[in-house]
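Some notes on the structure that comes next.
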Amino acid sequence: MKHYSIGELELLSRIKTHTIRVWEQRYKLLVPERSEGNTRYYNENQLKKLLKVALLNKSGIKISHIVEMSDQELSQKADEIILNTGNIDLAVEQLMNASLNFDQNKTKSFFDQYIQLYGLENTFEKIIFPYLRVVGNLWVSGKITPGHEHFFTNLCKLKLFAEIDKLALPTNNESGVLLFQPEWDYHELGILYYMYLFTKAGYFCTYLGQAVPIKDAIQTANTLKKKHIITTFIGPTTHENVLEYIDKLVTGTKNSTIYVSGPHVDFPLNQYKNRVMVFQSVNDLIKLFKLK
């Protein structure tokens, strides 16, 4: 069973460390274990309990009432809250409870409920992406396995593909957009969401997906005479790899504007003038192209 520090509990639950300790001392909510070196830690069951408590508390239920509930009552109340409150912040906690258990039916059910309540775009921008940032931080620390992320992002991709398939495809290629991930990068959920936004806005899109060799990306852009190229640098890489990749895209394509983003694009690209544009978030891209 995995072990968690109190700082990691704070990161996951978004309950301050001080508050967790007060709840421990006053209500015996959690009882930390100790390692051989006398370091306090919490197990996975305690994390899951805290996530449910956090969900109830943030919905307005007093902690003194929550601690009187049985584990079964906690679970039932947590499942009800998202539909009764309409609070987007609470959805992140609800989603964490379901996906940490690899509960596909419950995760999909919550996903569908969020879309009904908030719409597809608010669901992705205000719930899914913030949730994945938390998961990413815990993956780096080794507290969540890659399997957790893959389980959840694959459900998201299935939903996006289904929604894109419902959209009318434009026939005019003059505003064409090419979307793909670099050859070492398998994190395609963000770029797939951009595909959805551009298609909905009437752009003719070609989607190549994850881990696309640079020569194939260039050949496709030139063959289809794509006006806009969008790629993101999410997976592990170096400053040099990013610069080399962008340079090859600029050199290999003549009439395309290249839009790049991701945590590895944290330096200016002024040398390419107007050929390369950096966007920091989905909102930046929406504003650049007036997608909404």
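Residue numbers start at 1 in each chain; chains themselves are named A, B, ... in the order of the structure tokens; ligands are numbered from 1 in the order shown.
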Hey, what's within 8 Å of region 257-264 of chain A if we count only C-alpha atoms and toss same-chain stuff fewer than 3 positions away? As a PyMOL selection string, please? chain A and resi 227-234+237-239+242+249-250+274-281
### Query
How would you write, as number ranges by chain, the set of residues in region 87-290 of chain A that DSSP gives as helix (DSSP H, G or I)?
A: 88-99, 104-118, 120-140, 146-166, 173-175, 189-200, 214-224, 239-252, 270-275, 282-289
Point out the residue among A:Ile191, A:Ile61, A:Leu9, A:Leu155 with the least atom-to-atom distance to Gln210 (chain A), counting only C-alpha atoms.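 For Gln210 (chain A), the nearest of the given residues is A:Ile191.
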Work out how far apart CA of Leu192 (chain A) and CA of Leu224 (chain A) are and give it in Å to one decimal.
->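 CA of Leu192 (chain A) sits 19.4 Å away from CA of Leu224 (chain A).
Between Thr220 (chain A) and the residues A:Trp23, A:Gly252, A:Asn97, A:Lys49, the shortest atom-to-atom distance, using only C-alpha atoms, involves A:Gly252.
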Practice item. Based on DSSP run over this structure's backbone, return all residues of region 66-206 of chain A in strand (DSSP E or B), as a list in words. Key: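 Put together, the selection reads Val177, Leu178, Leu179, Phe180, Gln181, Pro182, Cys205 and Thr206 of chain A.
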*If you measure from CA of Glu244 (chain A) to CA of Phe198 (chain A), what distance in Å do you get, rounded to one decimal?*
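Between these atoms lies a distance of 27.1 Å.
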*Nearest candidate to Leu55 (chain A) (options A:His150, A:Arg40, A:Arg14, A:Lys2; using only C-alpha atoms)*: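 The closest residue to Leu55 (chain A) is A:Arg14.
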Quick one: distance from CA of Ser256 (chain A) to CA of Asn222 (chain A) in Å, one decimal?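 According to the coordinates, CA of Ser256 (chain A) and CA of Asn222 (chain A) are separated by 8.7 Å.
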Next item on the list: Find the spatial neighbours of Leu178 (chain A), counting only C-alpha atoms, within a cut-off of 7 Å - ignore same-chain residues fewer than 2 positions away - and output them as a VMD selection string.
Entry: chain A and resid 176 180 205 to 207 221 226 228 to 230
Write out as number ranges by chain which residues come within 12 Å of Thr19 (chain A) when counting only C-alpha atoms, dropping same-chain ones fewer than 6 positions away. A: 6-7, 9-10, 13, 25-27, 29-30, 50, 54, 57, 63
Take the residues from that selection and put them in a file with N, CA and C atoms, as an mmCIF file, in the first residue's frame.
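Heads up, here's the output in result32.cif:
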data_model
loop_
_atom_site.group_PDB
_atom_site.id
_atom_site.type_symbol
_atom_site.label_atom_id
_atom_site.label_comp_id
_atom_site.auth_asym_id
_atom_site.auth_seq_id
_atom_site.Cartn_x
_atom_site.Cartn_y
_atom_site.Cartn_z
ATOM 1 N N ILE A 6 1.978 14.306 4.920
ATOM 2 C CA ILE A 6 0.875 15.239 5.128
ATOM 3 C C ILE A 6 0.867 16.330 4.049
ATOM 4 N N GLY A 7 2.046 16.653 3.525
ATOM 5 C CA GLY A 7 2.108 17.616 2.424
ATOM 6 C C GLY A 7 1.440 17.096 1.167
ATOM 7 N N LEU A 9 -1.000 14.881 1.199
ATOM 8 C CA LEU A 9 -2.438 14.932 1.480
ATOM 9 C C LEU A 9 -2.993 16.320 1.170
ATOM 10 N N GLU A 10 -2.258 17.348 1.542
ATOM 11 C CA GLU A 10 -2.694 18.720 1.245
ATOM 12 C C GLU A 10 -2.804 18.940 -0.262
ATOM 13 N N SER A 13 -5.959 16.817 -1.530
ATOM 14 C CA SER A 13 -7.272 17.186 -1.004
ATOM 15 C C SER A 13 -7.539 18.683 -1.049
ATOM 16 N N GLN A 25 -6.229 15.977 15.775
ATOM 17 C CA GLN A 25 -6.143 16.144 17.221
ATOM 18 C C GLN A 25 -7.526 16.259 17.868
ATOM 19 N N ARG A 26 -8.430 16.987 17.194
ATOM 20 C CA ARG A 26 -9.728 17.275 17.801
ATOM 21 C C ARG A 26 -10.728 16.139 17.589
ATOM 22 N N TYR A 27 -10.698 15.525 16.394
ATOM 23 C CA TYR A 27 -11.733 14.550 16.037
ATOM 24 C C TYR A 27 -11.195 13.137 15.774
ATOM 25 N N LEU A 29 -9.749 12.199 13.202
ATOM 26 C CA LEU A 29 -10.190 11.887 11.841
ATOM 27 C C LEU A 29 -9.243 10.909 11.153
ATOM 28 N N LEU A 30 -7.942 11.170 11.264
ATOM 29 C CA LEU A 30 -6.911 10.289 10.719
ATOM 30 C C LEU A 30 -5.922 9.973 11.832
ATOM 31 N N LEU A 50 -9.971 11.123 3.539
ATOM 32 C CA LEU A 50 -9.800 12.573 3.578
ATOM 33 C C LEU A 50 -10.398 13.240 2.348
ATOM 34 N N ALA A 54 -13.105 16.095 2.581
ATOM 35 C CA ALA A 54 -12.870 17.399 1.953
ATOM 36 C C ALA A 54 -14.038 17.786 1.061
ATOM 37 N N ASN A 57 -16.981 18.764 3.337
ATOM 38 C CA ASN A 57 -16.720 20.008 4.059
ATOM 39 C C ASN A 57 -16.803 21.219 3.147
ATOM 40 N N ILE A 63 -17.516 19.963 9.898
ATOM 41 C CA ILE A 63 -16.634 18.833 10.174
ATOM 42 C C ILE A 63 -17.141 18.035 11.376
#
I'd like the contact shell of Trp184 (chain A) - 8 Å cut-off, only C-alpha atoms, skipping same-chain residues fewer than 5 positions apart - returned as a short mmCIF file (atom, residue, chain, number, x, y, z; two decimals) with C-alpha atoms, in the first residue's frame.
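part_8.cif was written with the following content:
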data_model
loop_
_atom_site.label_atom_id
_atom_site.label_comp_id
_atom_site.auth_asym_id
_atom_site.auth_seq_id
_atom_site.Cartn_x
_atom_site.Cartn_y
_atom_site.Cartn_z
CA ALA A 211 4.56 10.78 -31.24
CA VAL A 212 4.69 11.99 -34.87
CA GLY A 235 6.57 14.93 -22.06
#
*Spatial neighbours of Thr199 (chain A), max dist 12 Å, only C-alpha atoms, sep filter under 4 positions, as a VMD selection string*: chain A and resid 160 to 161 163 to 173 175 to 179 192 to 195 203 to 207 291 to 292
How would the residues just chosen look if you wrote them out with N, CA and C atoms as a PDB file, in the first residue's frame?
ATOM      1  N   LEU A 160     -13.842  12.770 -26.252  1.00  0.00           N
ATOM      2  CA  LEU A 160     -13.543  13.803 -27.247  1.00  0.00           C
ATOM      3  C   LEU A 160     -13.718  13.290 -28.663  1.00  0.00           C
ATOM      4  N   PHE A 161     -13.237  12.087 -28.932  1.00  0.00           N
ATOM      5  CA  PHE A 161     -13.411  11.526 -30.273  1.00  0.00           C
ATOM      6  C   PHE A 161     -14.896  11.425 -30.634  1.00  0.00           C
ATOM      7  N   GLU A 163     -17.331  13.296 -29.451  1.00  0.00           N
ATOM      8  CA  GLU A 163     -17.883  14.641 -29.649  1.00  0.00           C
ATOM      9  C   GLU A 163     -17.420  15.243 -30.976  1.00  0.00           C
ATOM     10  N   ILE A 164     -16.164  15.001 -31.338  1.00  0.00           N
ATOM     11  CA  ILE A 164     -15.659  15.497 -32.620  1.00  0.00           C
ATOM     12  C   ILE A 164     -16.404  14.849 -33.774  1.00  0.00           C
ATOM     13  N   ASP A 165     -16.710  13.564 -33.626  1.00  0.00           N
ATOM     14  CA  ASP A 165     -17.417  12.832 -34.679  1.00  0.00           C
ATOM     15  C   ASP A 165     -18.817  13.396 -34.924  1.00  0.00           C
ATOM     16  N   LYS A 166     -19.383  14.052 -33.932  1.00  0.00           N
ATOM     17  CA  LYS A 166     -20.720  14.639 -34.082  1.00  0.00           C
ATOM     18  C   LYS A 166     -20.704  15.959 -34.860  1.00  0.00           C
ATOM     19  N   LEU A 167     -19.524  16.589 -34.947  1.00  0.00           N
ATOM     20  CA  LEU A 167     -19.434  17.910 -35.565  1.00  0.00           C
ATOM     21  C   LEU A 167     -19.425  17.820 -37.086  1.00  0.00           C
ATOM     22  N   ALA A 168     -19.993  18.824 -37.716  1.00  0.00           N
ATOM     23  CA  ALA A 168     -19.940  18.915 -39.181  1.00  0.00           C
ATOM     24  C   ALA A 168     -18.525  19.298 -39.592  1.00  0.00           C
ATOM     25  N   LEU A 169     -17.960  18.544 -40.525  1.00  0.00           N
ATOM     26  CA  LEU A 169     -16.596  18.818 -40.971  1.00  0.00           C
ATOM     27  C   LEU A 169     -16.606  19.835 -42.113  1.00  0.00           C
ATOM     28  N   PRO A 170     -15.853  20.932 -42.000  1.00  0.00           N
ATOM     29  CA  PRO A 170     -15.798  21.924 -43.082  1.00  0.00           C
ATOM     30  C   PRO A 170     -15.096  21.355 -44.303  1.00  0.00           C
ATOM     31  N   THR A 171     -15.422  21.869 -45.453  1.00  0.00           N
ATOM     32  CA  THR A 171     -14.807  21.390 -46.700  1.00  0.00           C
ATOM     33  C   THR A 171     -13.773  22.364 -47.241  1.00  0.00           C
ATOM     34  N   ASN A 172     -13.708  23.565 -46.684  1.00  0.00           N
ATOM     35  CA  ASN A 172     -12.773  24.580 -47.158  1.00  0.00           C
ATOM     36  C   ASN A 172     -11.456  24.451 -46.409  1.00  0.00           C
ATOM     37  N   ASN A 173     -10.373  24.176 -47.121  1.00  0.00           N
ATOM     38  CA  ASN A 173      -9.069  23.953 -46.493  1.00  0.00           C
ATOM     39  C   ASN A 173      -8.256  25.235 -46.342  1.00  0.00           C
ATOM     40  N   SER A 175      -8.406  27.607 -44.235  1.00  0.00           N
ATOM     41  CA  SER A 175      -8.048  27.911 -42.848  1.00  0.00           C
ATOM     42  C   SER A 175      -7.536  26.660 -42.149  1.00  0.00           C
ATOM     43  N   GLY A 176      -6.837  25.814 -42.891  1.00  0.00           N
ATOM     44  CA  GLY A 176      -6.450  24.509 -42.379  1.00  0.00           C
ATOM     45  C   GLY A 176      -5.518  24.549 -41.185  1.00  0.00           C
ATOM     46  N   VAL A 177      -5.726  23.601 -40.267  1.00  0.00           N
ATOM     47  CA  VAL A 177      -4.916  23.468 -39.059  1.00  0.00           C
ATOM     48  C   VAL A 177      -4.388  22.039 -38.975  1.00  0.00           C
ATOM     49  N   LEU A 178      -3.090  21.913 -38.698  1.00  0.00           N
ATOM     50  CA  LEU A 178      -2.464  20.614 -38.487  1.00  0.00           C
ATOM     51  C   LEU A 178      -2.099  20.497 -37.015  1.00  0.00           C
ATOM     52  N   LEU A 179      -2.527  19.409 -36.370  1.00  0.00           N
ATOM     53  CA  LEU A 179      -2.274  19.212 -34.947  1.00  0.00           C
ATOM     54  C   LEU A 179      -1.596  17.873 -34.708  1.00  0.00           C
ATOM     55  N   LEU A 192      -5.749  17.064 -28.577  1.00  0.00           N
ATOM     56  CA  LEU A 192      -7.025  16.531 -29.054  1.00  0.00           C
ATOM     57  C   LEU A 192      -8.171  17.477 -28.690  1.00  0.00           C
ATOM     58  N   TYR A 193      -8.080  18.091 -27.523  1.00  0.00           N
ATOM     59  CA  TYR A 193      -9.102  19.072 -27.142  1.00  0.00           C
ATOM     60  C   TYR A 193      -9.050  20.283 -28.073  1.00  0.00           C
ATOM     61  N   TYR A 194      -7.843  20.697 -28.460  1.00  0.00           N
ATOM     62  CA  TYR A 194      -7.730  21.805 -29.428  1.00  0.00           C
ATOM     63  C   TYR A 194      -8.374  21.417 -30.759  1.00  0.00           C
ATOM     64  N   MET A 195      -8.199  20.155 -31.140  1.00  0.00           N
ATOM     65  CA  MET A 195      -8.840  19.656 -32.362  1.00  0.00           C
ATOM     66  C   MET A 195     -10.358  19.851 -32.280  1.00  0.00           C
ATOM     67  N   TYR A 203     -12.861  25.309 -38.551  1.00  0.00           N
ATOM     68  CA  TYR A 203     -11.556  25.132 -39.189  1.00  0.00           C
ATOM     69  C   TYR A 203     -11.435  23.712 -39.751  1.00  0.00           C
ATOM     70  N   PHE A 204     -10.791  23.605 -40.892  1.00  0.00           N
ATOM     71  CA  PHE A 204     -10.519  22.299 -41.488  1.00  0.00           C
ATOM     72  C   PHE A 204      -9.270  21.735 -40.811  1.00  0.00           C
ATOM     73  N   CYS A 205      -9.424  20.688 -40.027  1.00  0.00           N
ATOM     74  CA  CYS A 205      -8.328  20.170 -39.203  1.00  0.00           C
ATOM     75  C   CYS A 205      -7.830  18.811 -39.693  1.00  0.00           C
ATOM     76  N   THR A 206      -6.530  18.638 -39.572  1.00  0.00           N
ATOM     77  CA  THR A 206      -5.918  17.334 -39.774  1.00  0.00           C
ATOM     78  C   THR A 206      -5.206  16.974 -38.478  1.00  0.00           C
ATOM     79  N   TYR A 207      -5.594  15.854 -37.909  1.00  0.00           N
ATOM     80  CA  TYR A 207      -5.053  15.450 -36.607  1.00  0.00           C
ATOM     81  C   TYR A 207      -4.177  14.217 -36.772  1.00  0.00           C
ATOM     82  N   LEU A 291     -11.938  31.412 -30.992  1.00  0.00           N
ATOM     83  CA  LEU A 291     -12.623  30.129 -31.121  1.00  0.00           C
ATOM     84  C   LEU A 291     -13.981  30.091 -30.427  1.00  0.00           C
ATOM     85  N   LYS A 292     -14.249  31.066 -29.555  1.00  0.00           N
ATOM     86  CA  LYS A 292     -15.537  31.094 -28.860  1.00  0.00           C
ATOM     87  C   LYS A 292     -16.171  32.472 -29.034  1.00  0.00           C
TER      88      LYS A 292
END
Residues within 12 Å of Ile128 (chain A), only C-alpha atoms, excluding chain neighbours under 3 positions, as a PyMOL selection string:
chain A and resi 88-89+91-96+99+107+110-111+114-115+120-125+131-135+149+152-153+155-157+189-190+193
Mind dumping the selected residues with N, CA and C atoms as a tab-separated table (two decimals), in the first residue's frame?
chain	number	residue	atom	x	y	z
A	88	ILE	N	-18.25	23.51	-9.35
A	88	ILE	CA	-17.20	22.93	-10.19
A	88	ILE	C	-15.99	22.52	-9.36
A	89	ASP	N	-15.62	23.32	-8.34
A	89	ASP	CA	-14.45	22.97	-7.53
A	89	ASP	C	-14.61	21.61	-6.85
A	91	ALA	N	-16.08	19.09	-7.98
A	91	ALA	CA	-16.00	17.99	-8.95
A	91	ALA	C	-14.61	17.37	-9.00
A	92	VAL	N	-13.58	18.18	-8.77
A	92	VAL	CA	-12.21	17.64	-8.80
A	92	VAL	C	-12.05	16.60	-7.70
A	93	GLU	N	-12.54	16.90	-6.49
A	93	GLU	CA	-12.46	15.94	-5.40
A	93	GLU	C	-13.27	14.68	-5.71
A	94	GLN	N	-14.45	14.87	-6.28
A	94	GLN	CA	-15.31	13.72	-6.61
A	94	GLN	C	-14.63	12.81	-7.63
A	95	LEU	N	-14.01	13.43	-8.62
A	95	LEU	CA	-13.33	12.68	-9.66
A	95	LEU	C	-12.13	11.92	-9.09
A	96	MET	N	-11.41	12.55	-8.17
A	96	MET	CA	-10.27	11.91	-7.55
A	96	MET	C	-10.69	10.65	-6.81
A	99	SER	N	-11.47	7.89	-9.63
A	99	SER	CA	-10.41	7.39	-10.51
A	99	SER	C	-9.25	6.78	-9.74
A	107	THR	N	-16.39	6.72	-12.71
A	107	THR	CA	-15.69	7.84	-13.35
A	107	THR	C	-16.44	8.31	-14.59
A	110	PHE	N	-19.64	10.16	-13.54
A	110	PHE	CA	-19.38	11.53	-13.11
A	110	PHE	C	-19.07	12.42	-14.30
A	111	PHE	N	-18.26	11.89	-15.23
A	111	PHE	CA	-17.88	12.63	-16.42
A	111	PHE	C	-19.14	13.07	-17.18
A	114	TYR	N	-20.96	15.81	-15.28
A	114	TYR	CA	-20.31	17.12	-15.41
A	114	TYR	C	-20.69	17.78	-16.72
A	115	ILE	N	-20.67	17.00	-17.80
A	115	ILE	CA	-20.97	17.56	-19.12
A	115	ILE	C	-22.41	18.05	-19.17
A	120	LEU	N	-19.36	20.53	-22.24
A	120	LEU	CA	-18.09	19.84	-22.50
A	120	LEU	C	-16.89	20.74	-22.25
A	121	GLU	N	-16.94	21.98	-22.72
A	121	GLU	CA	-15.77	22.85	-22.63
A	121	GLU	C	-15.45	23.25	-21.20
A	122	ASN	N	-16.45	23.62	-20.40
A	122	ASN	CA	-16.21	23.92	-18.99
A	122	ASN	C	-15.72	22.69	-18.25
A	123	THR	N	-16.23	21.51	-18.61
A	123	THR	CA	-15.80	20.29	-17.96
A	123	THR	C	-14.31	20.06	-18.17
A	124	PHE	N	-13.84	20.23	-19.40
A	124	PHE	CA	-12.41	20.02	-19.67
A	124	PHE	C	-11.55	21.13	-19.08
A	125	GLU	N	-11.96	22.36	-19.27
A	125	GLU	CA	-11.09	23.49	-18.88
A	125	GLU	C	-11.08	23.74	-17.38
A	131	TYR	N	-7.57	18.74	-12.67
A	131	TYR	CA	-7.40	17.44	-12.04
A	131	TYR	C	-6.10	16.78	-12.51
A	132	LEU	N	-5.85	16.83	-13.81
A	132	LEU	CA	-4.65	16.19	-14.35
A	132	LEU	C	-3.37	16.86	-13.88
A	133	ARG	N	-3.42	18.15	-13.58
A	133	ARG	CA	-2.23	18.81	-13.03
A	133	ARG	C	-1.90	18.26	-11.65
A	134	VAL	N	-2.93	17.99	-10.85
A	134	VAL	CA	-2.71	17.38	-9.54
A	134	VAL	C	-2.14	15.98	-9.70
A	135	VAL	N	-2.73	15.20	-10.61
A	135	VAL	CA	-2.26	13.84	-10.87
A	135	VAL	C	-0.81	13.86	-11.35
A	149	GLU	N	-3.04	7.80	-14.60
A	149	GLU	CA	-3.18	8.84	-15.62
A	149	GLU	C	-3.70	8.24	-16.93
A	152	PHE	N	-7.43	7.39	-16.83
A	152	PHE	CA	-8.33	8.54	-16.91
A	152	PHE	C	-8.26	9.24	-18.26
A	153	THR	N	-7.06	9.48	-18.78
A	153	THR	CA	-6.95	10.21	-20.04
A	153	THR	C	-7.55	9.41	-21.20
A	155	LEU	N	-10.23	7.55	-21.03
A	155	LEU	CA	-11.67	7.81	-20.98
A	155	LEU	C	-11.98	9.19	-21.56
A	156	CYS	N	-11.12	10.16	-21.26
A	156	CYS	CA	-11.31	11.52	-21.80
A	156	CYS	C	-11.19	11.53	-23.32
A	157	LYS	N	-10.21	10.81	-23.84
A	157	LYS	CA	-10.01	10.79	-25.29
A	157	LYS	C	-11.19	10.15	-26.01
A	189	LEU	N	-3.87	14.53	-24.93
A	189	LEU	CA	-5.21	14.95	-24.55
A	189	LEU	C	-5.44	16.44	-24.85
A	190	GLY	N	-4.44	17.27	-24.52
A	190	GLY	CA	-4.59	18.70	-24.77
A	190	GLY	C	-4.73	19.02	-26.25
A	193	TYR	N	-8.08	18.09	-27.52
A	193	TYR	CA	-9.10	19.07	-27.14
A	193	TYR	C	-9.05	20.28	-28.07
